[in-house]
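Colleague: Pasting protein_2.txt below, which is compact mmCIF, C-alpha atoms and all ligand atoms.
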# COMPACT_ATOMS: atom_id res chain seq x y z
CA MET A 1 11.70 20.71 16.26
CA THR A 2 12.41 21.36 12.60
CA VAL A 3 9.69 21.45 9.99
CA ALA A 4 10.37 19.10 7.08
CA PRO A 5 10.65 20.76 3.64
CA LEU A 6 8.48 18.03 2.13
CA ARG A 7 5.21 16.51 3.24
CA LEU A 8 2.61 13.99 2.22
CA ARG A 9 -0.93 15.30 2.22
CA LEU A 10 -3.02 12.31 3.26
CA ASP A 11 -6.74 12.56 2.67
CA THR A 12 -8.82 10.89 5.40
CA ALA A 13 -12.07 11.40 3.47
CA ALA A 14 -10.63 9.69 0.38
CA LEU A 15 -9.20 6.79 2.41
CA THR A 16 -12.48 6.10 4.18
CA ALA A 17 -14.49 6.61 0.96
CA ASN A 18 -12.28 4.02 -0.72
CA TRP A 19 -12.86 1.56 2.13
CA ARG A 20 -16.61 2.16 2.00
CA ALA A 21 -16.63 1.64 -1.77
CA LEU A 22 -14.68 -1.63 -1.40
CA ASP A 23 -16.94 -2.69 1.45
CA ALA A 24 -19.98 -2.10 -0.78
CA LEU A 25 -18.36 -4.01 -3.67
CA SER A 26 -17.69 -6.86 -1.22
CA GLY A 27 -21.44 -7.42 -0.94
CA SER A 28 -22.38 -9.36 2.17
CA ALA A 29 -18.71 -10.12 2.96
CA ALA A 30 -16.94 -8.03 5.58
CA CYS A 31 -14.17 -5.79 4.26
CA GLY A 32 -10.83 -5.71 6.05
CA ALA A 33 -7.63 -3.81 5.30
CA ALA A 34 -4.06 -4.82 4.48
CA ILE A 35 -1.87 -2.37 6.40
CA LYS A 36 1.46 -4.18 6.03
CA ALA A 37 4.58 -2.20 5.07
CA ASN A 38 3.47 0.59 7.39
CA GLY A 39 0.09 0.97 5.71
CA TYR A 40 1.72 0.82 2.25
CA GLY A 41 3.89 3.74 3.32
CA LEU A 42 1.17 6.04 4.69
CA GLY A 43 1.45 5.02 8.37
CA ALA A 44 -0.18 1.83 9.69
CA VAL A 45 -1.47 3.27 12.97
CA GLU A 46 -2.98 6.35 11.33
CA VAL A 47 -4.61 4.25 8.60
CA ALA A 48 -6.00 1.70 11.08
CA GLU A 49 -7.44 4.42 13.33
CA ARG A 50 -9.26 6.03 10.42
CA LEU A 51 -10.56 2.79 8.92
CA ALA A 52 -11.67 1.50 12.32
CA ARG A 53 -13.74 4.66 12.72
CA ALA A 54 -15.31 3.94 9.32
CA GLY A 55 -16.24 0.43 10.50
CA CYS A 56 -13.30 -1.76 9.42
CA ARG A 57 -12.62 -4.58 11.89
CA ASP A 58 -9.95 -6.81 10.31
CA PHE A 59 -6.37 -5.70 9.74
CA PHE A 60 -3.50 -7.58 8.10
CA VAL A 61 0.23 -7.00 8.57
CA ALA A 62 3.21 -9.05 7.36
CA THR A 63 5.42 -9.36 10.45
CA TRP A 64 5.25 -9.38 14.25
CA GLY A 65 7.28 -6.18 14.35
CA GLU A 66 4.42 -4.54 12.48
CA ALA A 67 1.89 -6.13 14.84
CA GLU A 68 3.79 -4.80 17.86
CA ARG A 69 3.45 -1.23 16.63
CA LEU A 70 -0.34 -1.72 16.64
CA ALA A 71 -0.49 -3.59 19.97
CA GLY A 72 -2.71 -2.16 22.69
CA LEU A 73 -4.71 0.01 20.29
CA GLY A 74 -7.64 -2.40 20.15
CA PHE A 75 -7.35 -3.54 16.53
CA ASP A 76 -8.01 -7.11 15.41
CA VAL A 77 -4.73 -7.90 13.62
CA ALA A 78 -3.56 -10.98 11.71
CA VAL A 79 0.10 -11.56 10.80
CA LEU A 80 0.35 -12.90 7.25
CA HIS A 81 3.80 -14.46 7.60
CA GLY A 82 2.79 -16.82 10.40
CA VAL A 83 5.10 -17.65 13.30
CA ARG A 84 8.80 -18.45 13.45
CA ASP A 85 10.36 -19.59 16.74
CA GLU A 86 11.55 -16.00 17.13
CA ASP A 87 7.94 -14.76 16.97
CA MET A 88 6.39 -17.08 19.53
CA ALA A 89 6.85 -14.79 22.53
CA ALA A 90 5.00 -11.96 20.79
CA ALA A 91 2.41 -14.34 19.37
CA MET A 92 1.64 -15.93 22.75
CA ARG A 93 1.08 -12.48 24.24
CA GLY A 94 -2.01 -12.41 22.05
CA ILE A 95 -1.31 -9.11 20.31
CA ALA A 96 -2.41 -10.61 16.98
CA ARG A 97 -3.36 -13.90 15.31
CA PRO A 98 -0.82 -15.69 13.16
CA VAL A 99 -1.80 -16.72 9.65
CA LEU A 100 -0.19 -20.17 9.68
CA ASN A 101 1.39 -21.06 6.34
CA THR A 102 3.28 -24.34 6.76
CA ALA A 103 2.96 -27.68 8.55
CA ALA A 104 5.91 -26.67 10.76
CA GLN A 105 4.18 -23.43 11.76
CA ILE A 106 1.04 -25.39 12.58
CA THR A 107 3.01 -27.83 14.75
CA ARG A 108 4.77 -24.94 16.49
CA TRP A 109 1.42 -23.31 17.23
CA ARG A 110 -0.23 -26.53 18.44
CA ASP A 111 2.77 -27.49 20.63
CA ALA A 112 2.74 -24.08 22.31
CA GLY A 113 -0.97 -24.37 23.05
CA GLY A 114 -1.68 -21.35 20.82
CA GLY A 115 -5.33 -20.42 20.53
CA ARG A 116 -7.26 -18.89 17.69
CA CYS A 117 -5.33 -18.64 14.43
CA ASP A 118 -5.82 -18.06 10.72
CA VAL A 119 -4.50 -20.40 8.03
CA MET A 120 -3.35 -19.67 4.48
CA VAL A 121 -4.04 -22.31 1.83
CA ASP A 122 -2.17 -22.25 -1.45
CA THR A 123 -4.58 -22.62 -4.38
CA GLY A 124 -2.02 -22.13 -7.13
CA MET A 125 0.07 -19.03 -6.47
CA ASN A 126 2.80 -21.20 -4.93
CA ARG A 127 3.92 -18.48 -2.56
CA LEU A 128 2.71 -18.98 1.01
CA GLY A 129 0.30 -21.55 2.40
CA VAL A 130 -0.38 -25.22 3.03
CA ALA A 131 -1.53 -27.37 0.11
CA VAL A 132 -5.19 -28.12 -0.53
CA ALA A 133 -4.33 -31.83 -0.32
CA GLU A 134 -2.82 -31.34 3.15
CA VAL A 135 -6.06 -29.72 4.31
CA CYS A 136 -8.05 -32.64 2.89
CA ASP A 137 -5.69 -35.05 4.70
CA GLY A 138 -6.63 -33.47 8.03
CA LEU A 139 -3.64 -31.18 8.69
CA LEU A 140 -5.95 -28.54 10.17
CA ASP A 141 -8.23 -30.85 12.15
CA GLY A 142 -8.75 -29.59 15.68
CA LEU A 143 -7.22 -26.15 15.04
CA ALA A 144 -9.26 -23.19 16.29
CA ILE A 145 -9.30 -21.35 12.96
CA ASP A 146 -10.83 -17.93 12.69
CA THR A 147 -10.20 -17.27 9.00
CA LEU A 148 -9.13 -19.72 6.33
CA MET A 149 -7.67 -17.73 3.48
CA SER A 150 -6.05 -18.02 0.10
CA HIS A 151 -4.53 -15.43 -2.22
CA LEU A 152 -5.14 -14.74 -5.92
CA ALA A 153 -2.13 -14.60 -8.23
CA CYS A 154 -3.71 -12.86 -11.23
CA ALA A 155 -6.72 -10.91 -9.95
CA ASP A 156 -5.55 -7.77 -11.76
CA GLU A 157 -5.96 -9.60 -15.09
CA ASP A 158 -8.77 -11.56 -16.73
CA ASP A 159 -6.96 -14.86 -16.38
CA ALA A 160 -8.48 -18.34 -16.20
CA MET A 161 -6.40 -18.91 -13.08
CA ASN A 162 -8.80 -16.70 -11.07
CA ALA A 163 -11.75 -19.07 -11.48
CA ARG A 164 -9.52 -22.11 -10.87
CA GLN A 165 -8.27 -20.64 -7.59
CA ALA A 166 -11.78 -19.68 -6.46
CA ALA A 167 -13.08 -23.18 -7.22
CA ALA A 168 -10.21 -24.86 -5.39
CA PHE A 169 -10.82 -22.62 -2.41
CA ARG A 170 -14.59 -23.09 -2.44
CA ALA A 171 -14.09 -26.88 -2.33
CA LEU A 172 -12.62 -26.43 1.17
CA ALA A 173 -15.80 -24.84 2.57
CA GLY A 174 -16.93 -26.92 5.53
CA ARG A 175 -13.73 -29.00 5.47
CA THR A 176 -12.25 -27.13 8.46
CA ALA A 177 -13.58 -25.50 11.61
CA ALA A 178 -12.88 -22.04 10.15
CA ARG A 179 -15.38 -19.37 11.09
CA ARG A 180 -14.77 -17.46 7.85
CA LEU A 181 -13.29 -17.83 4.38
CA SER A 182 -11.33 -15.03 2.70
CA LEU A 183 -9.85 -14.86 -0.81
CA ALA A 184 -10.01 -11.43 -2.46
CA ASN A 185 -7.43 -8.64 -2.41
CA SER A 186 -8.29 -5.26 -4.01
CA ALA A 187 -8.36 -6.59 -7.55
CA GLY A 188 -10.19 -9.74 -6.45
CA ILE A 189 -13.06 -7.63 -5.11
CA ALA A 190 -13.69 -6.38 -8.65
CA LEU A 191 -14.04 -9.98 -9.87
CA GLY A 192 -17.46 -10.16 -8.23
CA ALA A 193 -19.51 -12.05 -5.70
CA ASP A 194 -17.92 -15.45 -6.43
CA TYR A 195 -14.67 -14.13 -4.99
CA ALA A 196 -15.93 -12.29 -1.90
CA PHE A 197 -16.58 -15.25 0.46
CA ASP A 198 -16.90 -13.94 4.06
CA LEU A 199 -14.11 -11.37 4.25
CA THR A 200 -12.14 -9.35 1.69
CA ARG A 201 -8.59 -8.03 2.22
CA PRO A 202 -7.95 -4.94 0.10
CA GLY A 203 -4.72 -3.00 0.36
CA LEU A 204 -3.72 -1.07 -2.75
CA ALA A 205 -7.14 0.34 -3.64
CA LEU A 206 -7.63 1.74 -0.12
CA TYR A 207 -4.63 3.96 -0.75
CA GLY A 208 -5.69 5.17 -4.20
CA GLY A 209 -4.23 2.39 -6.34
CA VAL A 210 -6.27 1.15 -9.28
CA PRO A 211 -5.43 -2.53 -9.86
CA ARG A 212 -8.00 -2.97 -12.64
CA ASP A 213 -9.42 -0.36 -15.02
CA ASP A 214 -12.94 -1.35 -13.96
CA MET A 215 -12.17 -0.03 -10.44
CA ALA A 216 -11.03 3.42 -11.58
CA GLY A 217 -14.38 5.07 -10.81
CA ALA A 218 -14.50 3.61 -7.29
CA VAL A 219 -11.08 4.75 -6.07
CA ARG A 220 -10.01 8.24 -4.99
CA GLN A 221 -6.47 9.54 -4.70
CA VAL A 222 -5.30 9.55 -1.05
CA VAL A 223 -1.66 10.63 -1.22
CA THR A 224 -0.25 13.88 -2.61
CA PRO A 225 3.43 14.78 -2.11
CA GLU A 226 4.18 18.44 -1.56
CA ALA A 227 7.60 20.08 -1.56
CA GLN A 228 9.00 23.46 -0.70
CA ILE A 229 10.96 25.66 -3.09
CA LEU A 230 14.60 25.93 -2.02
CA GLN A 231 15.87 28.25 -4.75
CA ARG A 232 14.62 30.23 -7.74
CA ARG A 233 16.67 30.94 -10.84
CA THR A 234 16.31 31.93 -14.48
CA LEU A 235 17.77 29.83 -17.27
CA ARG A 236 18.96 31.72 -20.34
CA ALA A 237 18.23 30.22 -23.76
CA GLY A 238 20.83 27.48 -24.20
CA ASP A 239 21.38 26.85 -20.46
CA SER A 240 20.97 23.27 -19.31
CA ILE A 241 19.94 22.05 -15.86
CA GLY A 242 20.66 19.11 -13.58
CA TYR A 243 22.72 15.94 -13.83
CA ASN A 244 23.73 15.00 -17.35
CA ALA A 245 22.19 18.21 -18.66
CA LEU A 246 19.04 16.39 -19.78
CA PHE A 247 17.09 19.61 -20.29
CA THR A 248 18.23 22.66 -22.23
CA ALA A 249 16.14 25.82 -22.23
CA SER A 250 15.16 27.00 -25.72
CA VAL A 251 13.86 30.30 -24.33
CA PRO A 252 14.54 32.13 -21.04
CA THR A 253 12.89 29.93 -18.38
CA GLU A 254 11.88 30.66 -14.78
CA VAL A 255 12.88 27.72 -12.61
CA ALA A 256 12.34 26.54 -9.03
CA ILE A 257 14.41 23.89 -7.25
CA LEU A 258 12.31 21.65 -4.98
CA ASN A 259 13.26 19.88 -1.77
CA ILE A 260 12.37 16.39 -3.03
CA GLY A 261 14.16 13.65 -4.95
CA TYR A 262 14.41 9.97 -5.63
CA ALA A 263 15.58 9.24 -2.09
CA ASP A 264 12.07 10.31 -1.09
CA GLY A 265 10.40 8.07 -3.65
CA TYR A 266 10.10 10.82 -6.24
CA TRP A 267 11.64 8.52 -8.82
CA ARG A 268 14.06 9.24 -11.63
CA GLY A 269 11.31 8.28 -14.07
CA PHE A 270 9.69 11.64 -13.33
CA SER A 271 12.71 13.35 -14.97
CA ASN A 272 11.36 15.60 -17.75
CA THR A 273 7.90 13.97 -17.31
CA GLY A 274 6.58 14.76 -13.80
CA CYS A 275 4.50 17.81 -13.00
CA ALA A 276 3.93 20.07 -10.01
CA ARG A 277 0.89 22.28 -9.48
CA VAL A 278 -0.01 25.47 -7.74
CA GLY A 279 -3.70 26.19 -8.14
CA ALA A 280 -4.48 25.76 -11.83
CA ALA A 281 -0.86 26.31 -12.94
CA ALA A 282 1.02 23.26 -14.27
CA LEU A 283 4.75 23.35 -13.50
CA PRO A 284 6.60 20.59 -15.41
CA VAL A 285 9.65 18.83 -14.04
CA ILE A 286 12.68 19.75 -16.13
CA GLY A 287 15.87 17.72 -16.28
CA ARG A 288 16.82 14.74 -14.20
CA VAL A 289 15.43 14.15 -10.71
CA SER A 290 18.34 14.13 -8.21
CA MET A 291 18.55 12.27 -4.90
CA ASP A 292 17.22 15.20 -2.85
CA LEU A 293 16.28 17.84 -5.43
CA THR A 294 14.01 18.30 -8.44
CA ALA A 295 13.77 21.27 -10.82
CA ILE A 296 10.49 22.56 -12.23
CA SER A 297 9.64 25.28 -14.69
CA VAL A 298 7.55 27.95 -12.97
CA ALA A 299 6.78 29.82 -16.19
CA ALA A 300 3.07 29.41 -15.38
CA ALA A 301 3.48 30.83 -11.86
CA PRO A 302 6.53 33.14 -11.86
CA GLU A 303 5.41 34.78 -8.59
CA LEU A 304 6.53 31.65 -6.69
CA GLY A 305 9.54 32.18 -4.44
CA GLU A 306 11.80 30.49 -1.92
CA GLY A 307 9.77 28.80 0.79
CA ASP A 308 6.58 28.43 -1.26
CA TRP A 309 5.01 24.97 -1.54
CA VAL A 310 3.95 23.08 -4.63
CA ALA A 311 1.98 19.82 -4.97
CA LEU A 312 3.25 17.04 -7.22
CA ASP A 313 1.03 15.04 -9.57
CA TYR A 314 0.76 11.61 -8.01
CA ALA A 315 -2.32 9.77 -9.27
CA LEU A 316 -0.98 6.25 -8.78
CA PRO A 317 -1.72 4.71 -12.19
CA ALA A 318 -0.02 7.60 -14.00
CA ALA A 319 2.78 7.93 -11.43
CA ALA A 320 3.57 4.22 -11.72
CA ALA A 321 3.63 4.41 -15.50
CA ALA A 322 5.99 7.40 -15.39
CA ALA A 323 8.23 5.72 -12.83
CA GLY A 324 8.30 2.43 -14.72
CA MET A 325 7.16 0.66 -11.55
CA SER A 326 4.05 -0.93 -10.12
CA GLN A 327 1.62 1.21 -8.13
CA TYR A 328 2.62 -0.89 -5.09
CA GLU A 329 6.28 0.05 -5.48
CA VAL A 330 5.49 3.74 -5.96
CA LEU A 331 3.38 3.81 -2.76
CA THR A 332 5.67 1.80 -0.54
CA GLY A 333 8.69 3.74 -1.79
CA LEU A 334 7.49 7.02 -0.28
CA GLY A 335 10.35 7.94 1.99
CA ALA A 336 10.92 8.68 5.66
CA ARG A 337 11.76 12.36 5.17
CA PHE A 338 8.16 13.33 4.43
CA GLU A 339 6.10 14.78 7.22
CA ARG A 340 2.83 12.84 6.98
CA ASP A 341 -0.06 15.30 7.32
CA TRP A 342 -3.58 13.91 7.49
CA THR A 343 -6.41 16.21 6.59
C1 LIG B 401 -0.89 -7.69 0.45
C2 LIG B 401 -1.96 -8.70 0.57
C3 LIG B 401 -3.30 -8.33 0.37
C4 LIG B 401 -3.70 -6.98 -0.17
O1 LIG B 401 -3.43 -6.97 -1.57
P1 LIG B 401 -3.72 -5.71 -2.50
O2 LIG B 401 -3.39 -6.20 -3.86
O3 LIG B 401 -2.82 -4.62 -2.05
O4 LIG B 401 -5.15 -5.35 -2.35
C5 LIG B 401 -4.27 -9.27 0.64
N1 LIG B 401 -3.93 -10.53 1.05
C6 LIG B 401 -2.66 -10.92 1.22
C7 LIG B 401 -2.36 -12.30 1.65
C8 LIG B 401 -1.63 -10.01 0.96
O5 LIG B 401 -0.36 -10.41 1.10
Spit out the file's structure as structure tokens when you get a sec.
Modeller:
Amino acid sequence: MTVAPLRLRLDTAALTANWRALDALSGSAACGAAIKANGYGLGAVEVAERLARAGCRDFFVATWGEAERLAGLGFDVAVLHGVRDEDMAAAMRGIARPVLNTAAQITRWRDAGGGRCDVMVDTGMNRLGVAVAEVCDGLLDGLAIDTLMSHLACADEDDAMNARQAAAFRALAGRTAARRLSLANSAGIALGADYAFDLTRPGLALYGGVPRDDMAGAVRQVVTPEAQILQRRTLRAGDSIGYNALFTASVPTEVAILNIGYADGYWRGFSNTGCARVGAAALPVIGRVSMDLTAISVAAAPELGEGDWVALDYALPAAAAAAGMSQYEVLTGLGARFERDWT
């Protein structure tokens, strides 16, 4: 077996501390975990195992393929995209609950004699979910609903839509047989007790994302990419480096070439702006990030050689700003070539 030249350091203590912080902010509501998109790129099984040990009981994925990878491990999983005909075999095996989103999905589930389910109600985002009016007209009557949920469109901003959505959702309390109500994602948890209902569904903040500035103190960084040095060289004054010669040395510069690039999710936006570290030494990215390679100045740590490892700055708010992307995109873009090492 070969050892990958790049790895993600994944911090179990930070992940579980983030969940505990979000659980505390959720007040009397239970706190679940969105682990869709392979646990936002970290590894859904590994994330679920760690959060379950911390006390998390409710997990959310997008598709039945994702649910199948968690099947048999004892997690309580809900599938946010509901059930298509193609999903019914998996759904009827009981590996997870569907979150039913449309009248057709509800009919499909009823006709098959499906049991406990969740239902998504649209309170204004106009993405997934049945309409509030359909619920009031009795669309859900007789369904064995575990969790009735809705989703906030603007929780990461102070927008009047948040209160409108919460009020529309609250009006449905007692209108269905649902055991629980659930509205808040990570950002929604920061909006306070009016948004917590019975169960919260954070994703981003579990993994070190900060959806609102007021959550910054509660969230720890979980993911740190590390890469191995493939080659060392010295630039002479006037030498340039990398595609399109975006960096030219003004003085002789010690350089290391790293085994990481934009195909790994180390985006082109880190060109001339990213930074690697070894101990206290800051090693700035110089030139353009390539598909598989990135150059750094090792002026601050010239003893580094081929085969040595460096860590890359990857606090999500700053990394997203540098990449010109959302924190969600930066996380879920972390590639398949990383070895994922949990500590
Ligand atoms: C992805 C998702 C979440 C988690 O959202 P974050 O912003 O990552 O906390 C919660 N609920 C639903 C329906 C989602 O699709």
Colleague: Could you build a table of the residues in chain A lying no more than 9 Å from ligand LIG 401 (chain B), giving for each the nearest pair of atoms and their separation in Å rounded to one decimal place, using only C-alpha atoms and all ligand atoms, ordered by chain and ascending residue number, as JSON lines?
Modeller:
{"residue": "A:Ala33", "atom": "CA", "partner": "B:LIG401", "partner_atom": "C4", "distance": 7.4}
{"residue": "A:Ala34", "atom": "CA", "partner": "B:LIG401", "partner_atom": "C4", "distance": 5.1}
{"residue": "A:Ile35", "atom": "CA", "partner": "B:LIG401", "partner_atom": "C1", "distance": 8.0}
{"residue": "A:Lys36", "atom": "CA", "partner": "B:LIG401", "partner_atom": "C1", "distance": 7.0}
{"residue": "A:Tyr40", "atom": "CA", "partner": "B:LIG401", "partner_atom": "O3", "distance": 8.3}
{"residue": "A:Phe60", "atom": "CA", "partner": "B:LIG401", "partner_atom": "N1", "distance": 7.7}
{"residue": "A:Val61", "atom": "CA", "partner": "B:LIG401", "partner_atom": "C1", "distance": 8.2}
{"residue": "A:Ala62", "atom": "CA", "partner": "B:LIG401", "partner_atom": "O5", "distance": 7.3}
{"residue": "A:Leu80", "atom": "CA", "partner": "B:LIG401", "partner_atom": "C7", "distance": 6.3}
{"residue": "A:His81", "atom": "CA", "partner": "B:LIG401", "partner_atom": "O5", "distance": 8.7}
{"residue": "A:Met120", "atom": "CA", "partner": "B:LIG401", "partner_atom": "C7", "distance": 8.0}
{"residue": "A:Leu128", "atom": "CA", "partner": "B:LIG401", "partner_atom": "C7", "distance": 8.4}
{"residue": "A:Met149", "atom": "CA", "partner": "B:LIG401", "partner_atom": "C7", "distance": 7.8}
{"residue": "A:Ser150", "atom": "CA", "partner": "B:LIG401", "partner_atom": "C7", "distance": 7.0}
{"residue": "A:His151", "atom": "CA", "partner": "B:LIG401", "partner_atom": "C7", "distance": 5.4}
{"residue": "A:Leu152", "atom": "CA", "partner": "B:LIG401", "partner_atom": "N1", "distance": 8.2}
{"residue": "A:Ala155", "atom": "CA", "partner": "B:LIG401", "partner_atom": "O2", "distance": 8.4}
{"residue": "A:Asp156", "atom": "CA", "partner": "B:LIG401", "partner_atom": "O2", "distance": 8.3}
{"residue": "A:Ser182", "atom": "CA", "partner": "B:LIG401", "partner_atom": "N1", "distance": 8.8}
{"residue": "A:Leu183", "atom": "CA", "partner": "B:LIG401", "partner_atom": "N1", "distance": 7.6}
{"residue": "A:Ala184", "atom": "CA", "partner": "B:LIG401", "partner_atom": "C5", "distance": 6.9}
{"residue": "A:Asn185", "atom": "CA", "partner": "B:LIG401", "partner_atom": "O4", "distance": 4.0}
{"residue": "A:Ser186", "atom": "CA", "partner": "B:LIG401", "partner_atom": "O4", "distance": 3.6}
{"residue": "A:Ala187", "atom": "CA", "partner": "B:LIG401", "partner_atom": "O2", "distance": 6.2}
{"residue": "A:Gly188", "atom": "CA", "partner": "B:LIG401", "partner_atom": "O4", "distance": 7.8}
{"residue": "A:Ile189", "atom": "CA", "partner": "B:LIG401", "partner_atom": "O4", "distance": 8.7}
{"residue": "A:Thr200", "atom": "CA", "partner": "B:LIG401", "partner_atom": "C5", "distance": 7.9}
{"residue": "A:Arg201", "atom": "CA", "partner": "B:LIG401", "partner_atom": "C5", "distance": 4.8}
{"residue": "A:Pro202", "atom": "CA", "partner": "B:LIG401", "partner_atom": "O4", "distance": 3.7}
{"residue": "A:Gly203", "atom": "CA", "partner": "B:LIG401", "partner_atom": "O3", "distance": 3.5}
{"residue": "A:Leu204", "atom": "CA", "partner": "B:LIG401", "partner_atom": "O3", "distance": 3.7}
{"residue": "A:Ala205", "atom": "CA", "partner": "B:LIG401", "partner_atom": "O4", "distance": 6.2}
{"residue": "A:Leu206", "atom": "CA", "partner": "B:LIG401", "partner_atom": "O4", "distance": 7.8}
{"residue": "A:Tyr207", "atom": "CA", "partner": "B:LIG401", "partner_atom": "O3", "distance": 8.9}
{"residue": "A:Gly209", "atom": "CA", "partner": "B:LIG401", "partner_atom": "O3", "distance": 8.3}
{"residue": "A:Pro211", "atom": "CA", "partner": "B:LIG401", "partner_atom": "O2", "distance": 7.3}
{"residue": "A:Tyr328", "atom": "CA", "partner": "B:LIG401", "partner_atom": "O3", "distance": 7.3}
Colleague: Return the single residue from A:Met161, A:Ala218, A:Val79, A:Ala276 that is closest to Asp23 in chain A, with distances computed using all atoms listed in the file.
Modeller: A:Ala218
Colleague: Neighbouring residues of range 290-307 of chain A were defined as those with any atom within 6 Å, considering all atoms listed in the file; residues of the same chain fewer than 4 positions away were excluded. Please report them as a PyMOL selection string.
Modeller: chain A and resi 228-231+254-263+281+283-286
Colleague: Which residue, A:Asp111, A:Asp214, A:Asp76, A:Asp87, has the smallest gap to Gly192 in chain A when you use all atoms listed in the file?
Modeller: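 Smallest separation from Gly192 in chain A among the options: A:Asp214.
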Colleague: Would you list the contacts of Gly124 in chain A as a PyMOL selection string, taking every protein, DNA or RNA residue within 12 Å and counting all atoms listed in the file, but skipping same-chain residues closer than 6 positions in sequence?
Modeller: chain A and resi 130-132+150-154+160-169
Colleague: Store the residues picked out above in a file with C-alpha atoms, as a PDB file, in the coordinates of the input.
Modeller:
ATOM      1  CA  VAL A 130      -0.380 -25.220   3.030  1.00  0.00           C
ATOM      2  CA  ALA A 131      -1.530 -27.370   0.110  1.00  0.00           C
ATOM      3  CA  VAL A 132      -5.190 -28.120  -0.530  1.00  0.00           C
ATOM      4  CA  SER A 150      -6.050 -18.020   0.100  1.00  0.00           C
ATOM      5  CA  HIS A 151      -4.530 -15.430  -2.220  1.00  0.00           C
ATOM      6  CA  LEU A 152      -5.140 -14.740  -5.920  1.00  0.00           C
ATOM      7  CA  ALA A 153      -2.130 -14.600  -8.230  1.00  0.00           C
ATOM      8  CA  CYS A 154      -3.710 -12.860 -11.230  1.00  0.00           C
ATOM      9  CA  ALA A 160      -8.480 -18.340 -16.200  1.00  0.00           C
ATOM     10  CA  MET A 161      -6.400 -18.910 -13.080  1.00  0.00           C
ATOM     11  CA  ASN A 162      -8.800 -16.700 -11.070  1.00  0.00           C
ATOM     12  CA  ALA A 163     -11.750 -19.070 -11.480  1.00  0.00           C
ATOM     13  CA  ARG A 164      -9.520 -22.110 -10.870  1.00  0.00           C
ATOM     14  CA  GLN A 165      -8.270 -20.640  -7.590  1.00  0.00           C
ATOM     15  CA  ALA A 166     -11.780 -19.680  -6.460  1.00  0.00           C
ATOM     16  CA  ALA A 167     -13.080 -23.180  -7.220  1.00  0.00           C
ATOM     17  CA  ALA A 168     -10.210 -24.860  -5.390  1.00  0.00           C
ATOM     18  CA  PHE A 169     -10.820 -22.620  -2.410  1.00  0.00           C
TER      19      PHE A 169
END
Colleague: Please list, as a list in words, the residues that have an atom at most 12 Å away from (0.6, -22.4, 24.3) in the coordinates of this file, counting only C-alpha atoms.
Modeller: Met88, Ala89, Ala90, Ala91, Met92, Arg93, Gly94, Thr107, Arg108, Trp109, Arg110, Asp111, Ala112, Gly113, Gly114, Gly115 and Arg116 of chain A
